[in-house]
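Q: One file: upload.cif (mmCIF, C-alpha atoms).
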data_input
loop_
_atom_site.label_atom_id
_atom_site.label_comp_id
_atom_site.auth_asym_id
_atom_site.auth_seq_id
_atom_site.Cartn_x
_atom_site.Cartn_y
_atom_site.Cartn_z
CA MET A 459 26.67 -5.97 21.55
CA GLU A 460 26.11 -9.64 21.00
CA GLY A 461 27.82 -11.09 17.95
CA PRO A 462 26.08 -12.59 14.93
CA ARG A 463 24.02 -15.70 15.42
CA PRO A 464 24.71 -18.59 13.04
CA MET A 465 22.18 -19.01 10.27
CA THR A 466 21.57 -22.66 10.98
CA THR A 467 18.59 -24.73 11.94
CA ARG A 468 17.66 -23.91 15.53
CA SER A 469 17.21 -26.38 18.34
CA THR A 470 13.82 -27.92 18.97
CA GLN A 471 13.05 -25.30 21.62
CA PRO A 472 12.99 -21.64 20.55
CA ASP A 473 14.58 -19.11 22.88
CA LEU A 474 11.77 -16.71 23.83
CA LEU A 475 13.62 -15.00 26.66
CA TYR A 476 15.60 -11.77 26.41
CA SER A 477 19.35 -11.97 26.94
CA GLU A 478 21.20 -9.52 29.17
CA GLU A 479 22.57 -7.81 26.08
CA GLU A 480 19.08 -7.44 24.63
CA GLU A 481 17.75 -5.95 27.86
CA ALA A 482 20.68 -3.53 27.93
CA LEU A 483 19.90 -2.55 24.34
CA ARG A 484 16.26 -2.01 25.29
CA SER A 485 17.26 0.26 28.17
CA VAL A 486 19.49 2.42 26.00
CA VAL A 487 16.89 2.76 23.22
CA ARG A 488 14.09 3.53 25.69
CA ASP A 489 16.17 6.24 27.35
CA LEU A 490 16.94 7.81 23.99
CA LEU A 491 13.29 7.77 22.94
CA ARG A 492 12.22 9.22 26.28
CA ASP A 493 14.54 12.16 25.69
CA HIS A 494 13.89 12.68 21.97
CA CYS A 495 10.40 11.38 21.19
CA GLU A 496 7.85 13.14 23.35
CA ALA A 497 4.24 12.40 22.42
CA ALA A 498 3.46 16.09 21.94
CA ASP A 499 6.30 16.39 19.43
CA VAL A 500 5.09 13.33 17.50
CA ILE A 501 1.57 14.75 17.34
CA ALA A 502 2.94 18.09 16.15
CA ARG A 503 4.89 16.34 13.39
CA THR A 504 1.76 14.61 12.11
CA GLU A 505 0.28 18.07 11.54
CA SER A 506 3.32 19.28 9.60
CA ASP A 507 4.80 18.58 6.17
CA ALA A 508 7.72 16.71 7.79
CA PRO A 509 6.32 13.70 9.68
CA HIS A 510 9.69 11.93 9.89
CA ASP A 511 12.01 12.87 12.74
CA ARG A 512 15.40 13.19 11.03
CA ALA A 513 17.21 14.12 14.25
CA LEU A 514 15.90 11.04 16.04
CA TRP A 515 16.83 8.85 13.08
CA LYS A 516 20.35 10.25 13.14
CA ALA A 517 20.64 9.49 16.86
CA LEU A 518 19.36 5.94 16.42
CA ALA A 519 21.13 5.05 13.19
CA ASP A 520 24.30 7.11 13.08
CA GLY A 521 24.82 7.65 16.79
CA MET A 522 23.95 4.16 18.06
CA GLY A 523 24.54 2.10 14.91
CA LEU A 524 21.10 0.50 15.05
CA ALA A 525 20.49 0.76 11.29
CA GLY A 526 23.11 -1.92 10.72
CA LEU A 527 21.99 -4.55 13.22
CA LEU A 528 21.08 -7.06 10.50
CA VAL A 529 24.19 -6.40 8.41
CA PRO A 530 27.33 -8.52 8.99
CA GLU A 531 30.37 -6.68 10.31
CA ALA A 532 32.33 -7.54 7.16
CA GLN A 533 29.74 -5.57 5.18
CA GLY A 534 29.76 -2.51 7.42
CA GLY A 535 27.10 -3.45 9.94
CA GLN A 536 26.85 -4.50 13.58
CA GLY A 537 26.62 -8.24 12.92
CA ALA A 538 23.70 -8.73 15.30
CA SER A 539 20.44 -10.53 14.48
CA HIS A 540 16.68 -10.24 14.15
CA ARG A 541 16.38 -10.72 17.92
CA GLU A 542 18.15 -7.43 18.61
CA ALA A 543 16.26 -5.67 15.81
CA ALA A 544 13.02 -6.95 17.37
CA VAL A 545 13.93 -5.34 20.70
CA VAL A 546 14.53 -2.02 18.96
CA LEU A 547 11.18 -2.30 17.17
CA GLU A 548 9.39 -3.03 20.44
CA GLU A 549 10.67 0.25 21.84
CA LEU A 550 9.93 2.17 18.64
CA GLY A 551 6.39 0.78 18.81
CA ARG A 552 6.05 1.87 22.43
CA ALA A 553 6.93 5.42 21.37
CA VAL A 554 5.19 5.35 17.95
CA ALA A 555 8.47 6.83 16.77
CA PRO A 556 8.21 8.51 13.33
CA VAL A 557 11.40 6.99 11.91
CA PRO A 558 11.84 4.64 8.91
CA TYR A 559 13.48 1.86 10.91
CA LEU A 560 11.25 -1.02 9.82
CA THR A 561 11.23 0.03 6.18
CA SER A 562 14.94 0.87 5.86
CA ALA A 563 16.91 -1.04 8.52
CA VAL A 564 14.81 -4.20 8.13
CA VAL A 565 12.90 -4.48 4.85
CA ALA A 566 15.22 -2.61 2.46
CA THR A 567 18.28 -4.06 4.20
CA GLU A 568 16.98 -7.62 3.89
CA ALA A 569 16.32 -7.05 0.19
CA LEU A 570 19.93 -5.97 -0.32
CA LEU A 571 21.23 -8.90 1.74
CA ALA A 572 19.68 -11.08 -0.95
CA GLY A 573 21.24 -8.94 -3.66
CA GLU A 574 24.39 -9.44 -5.66
CA GLY A 575 27.25 -7.40 -7.02
CA ASP A 576 29.23 -4.35 -5.96
CA GLU A 577 26.26 -1.99 -6.22
CA ALA A 578 24.24 -4.04 -3.71
CA ALA A 579 27.21 -4.24 -1.35
CA LYS A 580 27.81 -0.50 -1.54
CA LEU A 581 24.17 0.32 -0.87
CA LEU A 582 24.03 -2.17 1.98
CA ALA A 583 26.94 -0.46 3.71
CA ALA A 584 25.29 2.92 3.16
CA LEU A 585 22.04 1.73 4.75
CA ALA A 586 23.94 0.14 7.64
CA SER A 587 25.61 3.47 8.39
CA GLY A 588 22.23 5.15 8.69
CA ARG A 589 23.33 8.02 6.48
CA THR A 590 21.26 6.62 3.62
CA VAL A 591 17.60 5.66 4.03
CA GLY A 592 16.20 2.97 1.78
CA ALA A 593 12.68 1.84 0.92
CA LEU A 594 11.50 -1.22 -0.94
CA ALA A 595 9.05 -0.04 -3.61
CA VAL A 596 6.44 -2.68 -2.84
CA ALA A 597 3.07 -1.72 -1.38
CA LEU A 598 2.96 -1.91 2.41
CA SER A 599 -0.08 -4.18 2.23
CA VAL A 600 1.67 -6.99 0.32
CA ALA A 601 2.11 -10.20 2.31
CA PRO A 602 5.33 -12.28 2.16
CA GLY A 603 3.83 -14.65 -0.40
CA GLY A 604 1.59 -12.13 -2.13
CA ALA A 605 1.70 -10.70 -5.63
CA TYR A 606 3.41 -7.35 -6.05
CA ARG A 607 3.56 -4.85 -8.89
CA ALA A 608 6.64 -4.19 -10.99
CA VAL A 609 7.58 -1.44 -13.42
CA ARG A 610 8.97 -1.56 -16.95
CA HIS A 611 12.75 -1.59 -17.37
CA GLU A 612 14.03 -0.31 -20.68
CA ASP A 613 17.50 0.86 -21.69
CA GLY A 614 18.71 1.16 -18.13
CA ALA A 615 15.72 3.22 -16.99
CA LEU A 616 12.42 2.54 -15.19
CA HIS A 617 8.94 3.54 -16.30
CA GLY A 618 5.70 3.09 -14.36
CA GLU A 619 3.84 3.83 -11.16
CA LEU A 620 3.69 2.09 -7.78
CA THR A 621 1.31 2.91 -4.94
CA GLY A 622 1.22 2.44 -1.18
CA ILE A 623 4.99 2.68 -0.67
CA ALA A 624 5.72 3.23 3.02
CA ASP A 625 8.25 5.91 4.00
CA ALA A 626 9.03 6.71 0.36
CA ALA A 627 9.17 10.40 1.28
CA ALA A 628 12.01 9.72 3.73
CA ALA A 629 14.02 7.50 1.38
CA ASP A 630 17.24 8.45 -0.35
CA VAL A 631 17.18 5.30 -2.49
CA LEU A 632 14.29 3.17 -3.71
CA LEU A 633 14.64 -0.55 -4.42
CA VAL A 634 12.28 -1.21 -7.29
CA PRO A 635 11.14 -4.54 -8.79
CA GLY A 636 11.38 -4.55 -12.56
CA ALA A 637 9.05 -6.45 -14.88
CA ASP A 638 12.12 -8.20 -16.28
CA GLY A 639 12.76 -9.90 -12.93
CA GLY A 640 15.49 -7.58 -11.69
CA LEU A 641 15.63 -5.45 -8.55
CA TYR A 642 16.87 -1.94 -9.26
CA ALA A 643 18.15 0.93 -7.13
CA VAL A 644 16.90 4.40 -7.99
CA ASN A 645 17.88 7.70 -6.41
CA ALA A 646 14.72 9.06 -4.81
CA ASP A 647 15.92 12.66 -5.02
CA ASP A 648 16.08 12.60 -8.82
CA THR A 649 13.00 14.81 -9.13
CA ALA A 650 13.29 14.99 -12.92
CA THR A 651 12.45 11.31 -13.30
CA VAL A 652 11.00 10.27 -9.91
CA THR A 653 7.82 11.79 -8.50
CA ILE A 654 6.74 10.95 -4.95
CA THR A 655 3.15 11.95 -4.24
CA PRO A 656 1.87 11.55 -0.66
CA GLN A 657 -1.27 9.48 -0.23
CA VAL A 658 -3.81 9.90 2.55
CA SER A 659 -2.38 7.78 5.36
CA PHE A 660 -4.35 6.54 8.34
CA ASP A 661 -1.14 6.31 10.34
CA LEU A 662 0.48 9.71 9.91
CA THR A 663 3.70 8.53 11.60
CA ARG A 664 4.33 6.07 8.74
CA PRO A 665 3.12 7.84 5.61
CA VAL A 666 2.66 6.07 2.29
CA ALA A 667 3.06 7.52 -1.17
CA THR A 668 2.62 6.91 -4.87
CA VAL A 669 5.92 6.77 -6.74
CA THR A 670 6.05 7.48 -10.47
CA PHE A 671 9.10 6.63 -12.58
CA ASP A 672 9.54 8.46 -15.87
CA GLY A 673 12.79 7.19 -17.32
CA ALA A 674 14.51 6.99 -13.92
CA PRO A 675 18.14 5.79 -14.19
CA ALA A 676 18.41 2.41 -12.46
CA ARG A 677 21.22 0.17 -11.20
CA ARG A 678 20.57 -3.54 -10.92
CA VAL A 679 21.24 -4.92 -7.43
CA GLY A 680 19.93 -8.47 -7.84
CA ALA A 681 16.92 -10.59 -8.68
CA ALA A 682 13.60 -9.20 -7.51
CA GLU A 683 11.74 -12.37 -6.50
CA PRO A 684 14.08 -13.77 -3.82
CA ALA A 685 14.92 -10.30 -2.53
CA VAL A 686 11.31 -9.19 -2.17
CA ARG A 687 10.23 -12.47 -0.56
CA ARG A 688 13.08 -12.34 1.96
CA ALA A 689 12.40 -8.68 2.76
CA LEU A 690 8.65 -9.10 3.22
CA ARG A 691 9.08 -12.17 5.42
CA ALA A 692 11.45 -10.31 7.73
CA GLY A 693 9.19 -7.26 7.68
CA ALA A 694 6.14 -9.28 8.65
CA GLY A 695 8.00 -11.23 11.33
CA LEU A 696 9.52 -8.18 13.02
CA LEU A 697 6.37 -6.10 12.61
CA ALA A 698 4.92 -8.32 15.34
CA SER A 699 7.50 -6.89 17.74
CA GLU A 700 6.44 -3.35 16.87
CA GLN A 701 2.82 -4.37 17.44
CA LEU A 702 3.88 -5.83 20.79
CA GLY A 703 5.39 -2.47 21.74
CA VAL A 704 2.17 -0.67 20.78
CA ALA A 705 0.02 -3.10 22.78
CA ASP A 706 2.34 -3.05 25.79
CA TRP A 707 2.30 0.75 25.99
CA CYS A 708 -1.49 0.84 25.70
CA LEU A 709 -1.94 -1.72 28.49
CA THR A 710 0.66 -0.15 30.79
CA GLU A 711 -0.69 3.37 30.39
CA THR A 712 -4.29 2.25 30.83
CA VAL A 713 -3.49 0.42 34.07
CA ARG A 714 -1.59 3.47 35.33
CA TYR A 715 -4.45 5.82 34.46
CA LEU A 716 -7.12 3.65 36.05
CA LYS A 717 -5.12 3.50 39.27
CA GLU A 718 -5.04 7.30 39.42
CA ARG A 719 -8.51 8.16 38.08
CA LYS A 720 -11.11 8.16 40.85
CA GLN A 721 -14.87 7.76 40.76
CA PHE A 722 -17.13 7.60 43.79
CA ASN A 723 -14.02 8.32 45.83
CA ARG A 724 -12.19 5.17 44.77
CA PRO A 725 -9.78 4.30 41.93
CA VAL A 726 -11.61 3.35 38.76
CA GLY A 727 -9.27 0.40 38.35
CA GLY A 728 -10.70 -1.14 41.52
CA PHE A 729 -14.01 -1.97 39.85
CA GLN A 730 -14.31 -5.69 39.17
CA ALA A 731 -15.56 -5.35 35.60
CA LEU A 732 -12.51 -3.30 34.62
CA LYS A 733 -10.17 -5.69 36.40
CA HIS A 734 -11.50 -8.52 34.24
CA ARG A 735 -11.03 -6.53 31.04
CA LEU A 736 -7.47 -5.60 31.98
CA ALA A 737 -6.63 -9.16 33.00
CA GLN A 738 -7.82 -10.43 29.61
CA LEU A 739 -5.72 -7.81 27.83
CA TRP A 740 -2.68 -8.80 29.90
CA LEU A 741 -3.08 -12.45 28.89
CA GLU A 742 -3.33 -11.48 25.22
CA VAL A 743 -0.28 -9.20 25.35
CA VAL A 744 1.80 -11.89 27.07
CA SER A 745 0.78 -14.35 24.36
CA LEU A 746 1.66 -11.79 21.71
CA ARG A 747 5.11 -11.41 23.27
CA ALA A 748 5.67 -15.16 22.95
CA ALA A 749 4.56 -15.18 19.30
CA ALA A 750 6.68 -12.15 18.41
CA ARG A 751 9.78 -13.52 20.15
CA ASN A 752 9.31 -16.87 18.43
CA ALA A 753 9.20 -15.17 15.02
CA ALA A 754 12.29 -13.09 15.79
CA ASP A 755 14.19 -16.12 17.07
CA ALA A 756 13.21 -18.20 14.03
CA LEU A 757 14.43 -15.49 11.66
CA ALA A 758 17.64 -15.02 13.66
CA THR A 759 18.53 -18.71 13.63
CA GLY A 760 17.46 -19.39 10.05
CA SER A 761 14.96 -21.98 11.23
CA ALA A 762 13.19 -24.20 8.74
CA ASP A 763 10.00 -23.16 10.55
CA SER A 764 10.51 -19.44 9.96
CA ASP A 765 7.55 -19.14 7.60
CA VAL A 766 5.29 -20.84 10.14
CA ALA A 767 6.58 -18.68 13.00
CA VAL A 768 6.02 -15.49 11.01
CA ALA A 769 2.51 -16.53 9.96
CA VAL A 770 1.56 -17.43 13.55
CA ALA A 771 2.90 -14.13 14.88
CA GLN A 772 1.07 -12.03 12.33
CA ALA A 773 -2.17 -14.00 12.58
CA TYR A 774 -2.20 -13.19 16.30
CA ALA A 775 -0.48 -9.80 16.58
CA ALA A 776 -2.83 -7.54 14.65
CA PRO A 777 -6.08 -8.38 16.51
CA VAL A 778 -4.37 -8.07 19.89
CA ALA A 779 -2.70 -4.74 19.11
CA VAL A 780 -5.93 -3.26 17.74
CA ARG A 781 -8.05 -4.55 20.63
CA THR A 782 -5.60 -3.25 23.24
CA ALA A 783 -5.46 0.17 21.61
CA GLU A 784 -9.25 0.32 21.35
CA GLU A 785 -9.62 -0.59 25.02
CA ALA A 786 -7.02 2.00 25.96
CA LEU A 787 -8.93 4.68 24.08
CA GLN A 788 -12.24 3.74 25.67
CA LEU A 789 -10.95 3.26 29.22
CA HIS A 790 -9.26 6.66 29.16
CA GLY A 791 -12.77 8.11 28.82
CA GLY A 792 -13.13 11.65 27.54
CA LEU A 793 -9.39 12.24 27.90
CA GLY A 794 -8.68 9.50 25.38
CA MET A 795 -10.91 11.19 22.81
CA THR A 796 -8.80 14.33 22.72
CA TRP A 797 -6.21 15.10 20.05
CA GLU A 798 -3.68 16.08 22.71
CA HIS A 799 -3.63 12.61 24.31
CA PRO A 800 -1.34 10.25 22.35
CA VAL A 801 -3.58 7.17 22.50
CA HIS A 802 -5.01 7.97 19.06
CA LEU A 803 -1.50 7.61 17.61
CA TYR A 804 -1.33 4.06 18.95
CA LEU A 805 -4.77 3.13 17.66
CA LYS A 806 -3.89 4.44 14.20
CA ARG A 807 -0.56 2.61 14.20
CA ALA A 808 -2.25 -0.61 15.34
CA LYS A 809 -4.94 -0.30 12.66
CA ALA A 810 -2.41 0.48 9.92
CA ASP A 811 -0.13 -2.36 11.05
CA SER A 812 -3.08 -4.76 10.90
CA ILE A 813 -3.01 -4.59 7.10
CA ALA A 814 0.76 -4.18 6.70
CA TYR A 815 2.61 -7.14 5.14
CA GLY A 816 -0.65 -9.06 4.95
CA THR A 817 -3.79 -9.23 7.07
CA ALA A 818 -4.34 -11.61 9.97
CA GLY A 819 -6.81 -13.58 7.84
CA GLY A 820 -4.31 -13.84 5.02
CA HIS A 821 -1.65 -15.13 7.39
CA ARG A 822 -4.06 -17.71 8.80
CA GLU A 823 -4.68 -18.98 5.28
CA ALA A 824 -0.94 -19.09 4.63
CA LEU A 825 -0.41 -20.95 7.89
CA ALA A 826 -3.03 -23.54 6.95
CA GLU A 827 -1.17 -24.19 3.71
CA LEU A 828 2.20 -24.40 5.46
CA VAL A 829 1.03 -27.02 7.96
CA ASP A 830 -1.18 -28.83 5.44
CA LEU A 831 -4.39 -27.98 7.26
CA ARG A 832 -6.69 -27.06 4.42
CA ALA A 833 -10.38 -26.31 4.75
CA PRO A 834 -12.73 -29.17 3.79
#
As structure tokens, what does this structure read like?

A:
Amino acid sequence: MEGPRPMTTRSTQPDLLYSEEEEALRSVVRDLLRDHCEAADVIARTESDAPHDRALWKALADGMGLAGLLVPEAQGGQGASHREAAVVLEELGRAVAPVPYLTSAVVATEALLAGEGDEAAKLLAALASGRTVGALAVALSVAPGGAYRAVRHEDGALHGELTGIADAAAADVLLVPGADGGLYAVNADDTATVTITPQVSFDLTRPVATVTFDGAPARRVGAAEPAVRRALRAGAGLLASEQLGVADWCLTETVRYLKERKQFNRPVGGFQALKHRLAQLWLEVVSLRAAARNAADALATGSADSDVAVAVAQAYAAPVAVRTAEEALQLHGGLGMTWEHPVHLYLKRAKADSIAYGTAGGHREALAELVDLRAP
């Protein structure tokens, strides 16, 4: 696997292409997901009390070491970069894989990379190994620059309630912002002081929950503000790659279906009106790929334009992913309306992602501020 990329200002031209190593990584991840993440199994999990696929997570994180891509080798990780993590997220998006990769291997990991002290280092190594799953206790809807809720810290314990926490049910450790400005680690399995209550989730493959702390023992791992901002920026930037995977699957499967489906003794995809719709979707997905790769490259190289790249990617990604999923559902006809066909999973993921880490409108407003282009 490619070594760590230097966290320095990038060249004037971002690298939007995939390296040979990244394509090899894609191939391995796709093969694994093909063998372990069948659509029927994902649908069945959404109907159960265990939506997360622990076996698949073990294969990805423990078996392949993908949970530690963003962690330097000296700290127990793979020493790769956001570019490689983006490739993994593309493939996870293509499979709508019910694993906490974005929330643990990206968001929680980034929060700990901004942490300090032995406790943060120990937890970082645990997350990198994949044997421990982490979740940042900030609502999934919070944008990188948005306000987030904190809980009261008193005598080494946390008190309060936080809502909309993604993948909290799968987490072994929660990283919780305290009202005193600290970021604290709490064992999620301490049922005497931590209560995780599932909320109704539109995307059943990434459930959210309300977390209540009633005197939960907490270990400080750093300052909350820089850790949360760094984590949410990386989450928003790499979410665009997941949205790319969702959109790419929807377009590819729709084209395949329309080539096979016949009407009036000819393939449905041969009708001019549908060709135009598919061509427009293709243009939008290609543009989304460029925006997502730019965000991943900016994060990987520590570019001064990272905030701009992330805002551009998220302002564009959500509408494209939702539109592509909606078109896929409609163009599959009656088949697409069935529960057994997986296209509804992709539409739900696209819709849920459209409000994750900020909305497209919120990112456009942030972008206007970043480039000093304010409304009159």

Q: Which of these residues is nearest to Arg822 in chain A, using all atoms listed in the file: A:Leu633, A:Ala769, A:Val564, A:Val666?

A: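 Looking at the shortest contact to Arg822 in chain A, the residue is A:Ala769.
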
Q: For the file shown, what are the residues hit by the PyMOL selection byres ((chain A and resi 677-685) around 10), laid out as an MDAnalysis selection string?

A: chainID A and resid 565:581 594 606 608 614:616 633:645 674:676 686:690

Q: Export C-alpha atoms of the chosen residues as a compact mmCIF listing (two decimals), in the coordinates of the input?

A:
# COMPACT_ATOMS: atom_id res chain seq x y z
CA VAL A 565 12.90 -4.48 4.85
CA ALA A 566 15.22 -2.61 2.46
CA THR A 567 18.28 -4.06 4.20
CA GLU A 568 16.98 -7.62 3.89
CA ALA A 569 16.32 -7.05 0.19
CA LEU A 570 19.93 -5.97 -0.32
CA LEU A 571 21.23 -8.90 1.74
CA ALA A 572 19.68 -11.08 -0.95
CA GLY A 573 21.24 -8.94 -3.66
CA GLU A 574 24.39 -9.44 -5.66
CA GLY A 575 27.25 -7.40 -7.02
CA ASP A 576 29.23 -4.35 -5.96
CA GLU A 577 26.26 -1.99 -6.22
CA ALA A 578 24.24 -4.04 -3.71
CA ALA A 579 27.21 -4.24 -1.35
CA LYS A 580 27.81 -0.50 -1.54
CA LEU A 581 24.17 0.32 -0.87
CA LEU A 594 11.50 -1.22 -0.94
CA TYR A 606 3.41 -7.35 -6.05
CA ALA A 608 6.64 -4.19 -10.99
CA GLY A 614 18.71 1.16 -18.13
CA ALA A 615 15.72 3.22 -16.99
CA LEU A 616 12.42 2.54 -15.19
CA LEU A 633 14.64 -0.55 -4.42
CA VAL A 634 12.28 -1.21 -7.29
CA PRO A 635 11.14 -4.54 -8.79
CA GLY A 636 11.38 -4.55 -12.56
CA ALA A 637 9.05 -6.45 -14.88
CA ASP A 638 12.12 -8.20 -16.28
CA GLY A 639 12.76 -9.90 -12.93
CA GLY A 640 15.49 -7.58 -11.69
CA LEU A 641 15.63 -5.45 -8.55
CA TYR A 642 16.87 -1.94 -9.26
CA ALA A 643 18.15 0.93 -7.13
CA VAL A 644 16.90 4.40 -7.99
CA ASN A 645 17.88 7.70 -6.41
CA ALA A 674 14.51 6.99 -13.92
CA PRO A 675 18.14 5.79 -14.19
CA ALA A 676 18.41 2.41 -12.46
CA VAL A 686 11.31 -9.19 -2.17
CA ARG A 687 10.23 -12.47 -0.56
CA ARG A 688 13.08 -12.34 1.96
CA ALA A 689 12.40 -8.68 2.76
CA LEU A 690 8.65 -9.10 3.22

Q: Just want the 9 Å neighbourhood of Gly534 in chain A, counted on only C-alpha atoms, with same-chain residues fewer than 3 positions away dropped. Output as a list in words.

A: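 So the residues in contact are Gly526, Val529, Pro530, Glu531, Gly537, Leu582, Ala583, Ala584, Ala586 and Ser587 of chain A.
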
Q: Once the PyMOL selection byres ((chain A and resi 561) around 8) has been evaluated on this model, what residues remain selected, and can you format them as a list in words?

A: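 Selected by the PyMOL selection byres ((chain A and resi 561) around 8) here: Pro558, Tyr559, Leu560, Ser562, Ala563, Val564, Val565, Ala566, Gly592, Ala593, Leu594, Ala624, Asp625 and Gly693 of chain A.
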
Q: With all atoms listed in the file as the atoms that count, which of A:Val557, A:Ala749, A:Ala497, A:Leu491 lies nearest to Asp511 in chain A?

A: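 Checking each candidate against Asp511 in chain A, we get A:Val557 as the closest.
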
Q: Given the file above and the PyMOL selection byres ((chain A and resi 775) around 8), which residues are selected, and can you give them as a PyMOL selection string?

A: chain A and resi 698+701-702+746+749-750+771-774+776-779+818

Q: Using all atoms listed in the file for the distances, tell me which of A:Met795, A:Leu736, A:Val713, A:Leu483 is nearest to Glu549 in chain A.

A: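 Under the stated criterion, the closest residue is A:Leu483.
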
Q: Counting only C-alpha atoms, I want the residues whose atoms come within 6 Å of (-9.0, -7.3, 24.2) in the file frame, returned as a short mmCIF file (atom, residue, chain, number, x, y, z; two decimals) with C-alpha atoms, in the coordinates of the input.

A:
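After the write, out-v3.cif holds the following:
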data_model
loop_
_atom_site.label_atom_id
_atom_site.label_comp_id
_atom_site.auth_asym_id
_atom_site.auth_seq_id
_atom_site.Cartn_x
_atom_site.Cartn_y
_atom_site.Cartn_z
CA LEU A 739 -5.72 -7.81 27.83
CA ARG A 781 -8.05 -4.55 20.63
CA THR A 782 -5.60 -3.25 23.24
#

Q: Closest to Leu789 in chain A among A:Arg607, A:Arg484, A:Lys733, A:Arg512, using all atoms listed in the file?

A: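 Smallest distance to Leu789 in chain A is found for A:Lys733.
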
Q: What separation in Å, quoted to one decimal, exists between CA of Ala597 in chain A and CA of Thr621 in chain A?

A: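 These two atoms are separated by 6.1 Å.
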
Q: Using all atoms listed in the file, which residues sit within 7 Å of Ala786 in chain A once same-chain residues fewer than 6 positions away are excluded, as a PDB file with C-alpha atoms, keeping the file's coordinate frame?

A:
ATOM      1  CA  CYS A 708      -1.490   0.840  25.700  1.00  0.00           C
ATOM      2  CA  LEU A 709      -1.940  -1.720  28.490  1.00  0.00           C
ATOM      3  CA  THR A 712      -4.290   2.250  30.830  1.00  0.00           C
TER       4      THR A 712
END

Q: Work out how far apart CA of Thr796 in chain A and CA of Glu718 in chain A are and give it in Å to one decimal.

A: 18.5 Å

Q: Identify which of the residues A:Leu550, A:Ala544, A:Ala555, A:Ala650 lies closest to Ala513 in chain A, counting only C-alpha atoms when measuring atom-to-atom distances.

A: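 Checking each of A:Leu550, A:Ala544, A:Ala555, A:Ala650 against Ala513 in chain A, counting only C-alpha atoms, the winner is A:Ala555.
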
Q: Record the distance separating CA of Leu547 in chain A and CA of Glu700 in chain A, expressed in Å with one decimal.

A: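 Distance reported for this atom pair: 4.9 Å.
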
Q: Tell me which residues come within 12 Å of (13.2, 15.5, 7.6), as JSON, numbers by chain, counting all atoms listed in the file in the file's coordinates.

A: {"A": [503, 506, 507, 508, 509, 510, 511, 512, 513, 514, 515, 516, 556, 557, 558, 591, 625, 627, 628, 629, 630]}

Q: Go through A:Ala753, A:Val600, A:Leu518, A:Ala762 one by one, measure the shortest atom-to-atom distance of each to Gly816 in chain A using only C-alpha atoms, and give the residue with the smallest value.

A: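 The shortest atom-to-atom distance to Gly816 in chain A comes from A:Val600.
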
Q: Can you list, as a list of chain:residue names, every protein, DNA or RNA residue that comes within 12 Å of Ser659 in chain A when you count all atoms listed in the file, leaving out same-chain residues fewer than 5 positions away?

A: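 After dropping sequence-adjacent residues, the list is A:Thr504, A:Pro509, A:Leu598, A:Thr621, A:Gly622, A:Ile623, A:Ala624, A:Asp625, A:Arg664, A:Pro665, A:Val666, A:Ala667, A:Thr668, A:Lys806, A:Arg807, A:Lys809, A:Ala810, A:Asp811.
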
Q: Extract range 516-524 of chain A from the preceding block and save N, CA, C and O atoms as a PDB file, in the first residue's frame.

A:
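Result saved to selection38.pdb:
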ATOM      1  N   LYS A 516     -15.261  -6.952  10.439  1.00  0.00           N
ATOM      2  CA  LYS A 516     -14.050  -7.663  10.849  1.00  0.00           C
ATOM      3  C   LYS A 516     -13.167  -7.952   9.635  1.00  0.00           C
ATOM      4  O   LYS A 516     -11.937  -7.801   9.693  1.00  0.00           O
ATOM      5  N   ALA A 517     -13.783  -8.344   8.525  1.00  0.00           N
ATOM      6  CA  ALA A 517     -13.015  -8.631   7.311  1.00  0.00           C
ATOM      7  C   ALA A 517     -12.361  -7.375   6.758  1.00  0.00           C
ATOM      8  O   ALA A 517     -11.201  -7.395   6.314  1.00  0.00           O
ATOM      9  N   LEU A 518     -13.076  -6.263   6.790  1.00  0.00           N
ATOM     10  CA  LEU A 518     -12.538  -5.008   6.267  1.00  0.00           C
ATOM     11  C   LEU A 518     -11.477  -4.419   7.192  1.00  0.00           C
ATOM     12  O   LEU A 518     -10.400  -4.000   6.734  1.00  0.00           O
ATOM     13  N   ALA A 519     -11.792  -4.366   8.470  1.00  0.00           N
ATOM     14  CA  ALA A 519     -10.942  -3.663   9.426  1.00  0.00           C
ATOM     15  C   ALA A 519      -9.805  -4.518   9.960  1.00  0.00           C
ATOM     16  O   ALA A 519      -8.627  -4.121   9.906  1.00  0.00           O
ATOM     17  N   ASP A 520     -10.141  -5.693  10.446  1.00  0.00           N
ATOM     18  CA  ASP A 520      -9.132  -6.559  11.045  1.00  0.00           C
ATOM     19  C   ASP A 520      -8.378  -7.336   9.973  1.00  0.00           C
ATOM     20  O   ASP A 520      -7.147  -7.419   9.975  1.00  0.00           O
ATOM     21  N   GLY A 521      -9.125  -7.885   9.017  1.00  0.00           N
ATOM     22  CA  GLY A 521      -8.497  -8.699   7.986  1.00  0.00           C
ATOM     23  C   GLY A 521      -7.669  -7.916   6.990  1.00  0.00           C
ATOM     24  O   GLY A 521      -6.570  -8.326   6.604  1.00  0.00           O
ATOM     25  N   MET A 522      -8.180  -6.749   6.551  1.00  0.00           N
ATOM     26  CA  MET A 522      -7.500  -5.958   5.519  1.00  0.00           C
ATOM     27  C   MET A 522      -6.802  -4.714   6.067  1.00  0.00           C
ATOM     28  O   MET A 522      -6.073  -4.043   5.337  1.00  0.00           O
ATOM     29  N   GLY A 523      -7.049  -4.380   7.317  1.00  0.00           N
ATOM     30  CA  GLY A 523      -6.390  -3.222   7.917  1.00  0.00           C
ATOM     31  C   GLY A 523      -6.914  -1.882   7.451  1.00  0.00           C
ATOM     32  O   GLY A 523      -6.237  -0.856   7.604  1.00  0.00           O
ATOM     33  N   LEU A 524      -8.137  -1.855   6.910  1.00  0.00           N
ATOM     34  CA  LEU A 524      -8.647  -0.615   6.334  1.00  0.00           C
ATOM     35  C   LEU A 524      -9.092   0.405   7.381  1.00  0.00           C
ATOM     36  O   LEU A 524      -9.226   1.586   7.068  1.00  0.00           O
TER      37      LEU A 524
END
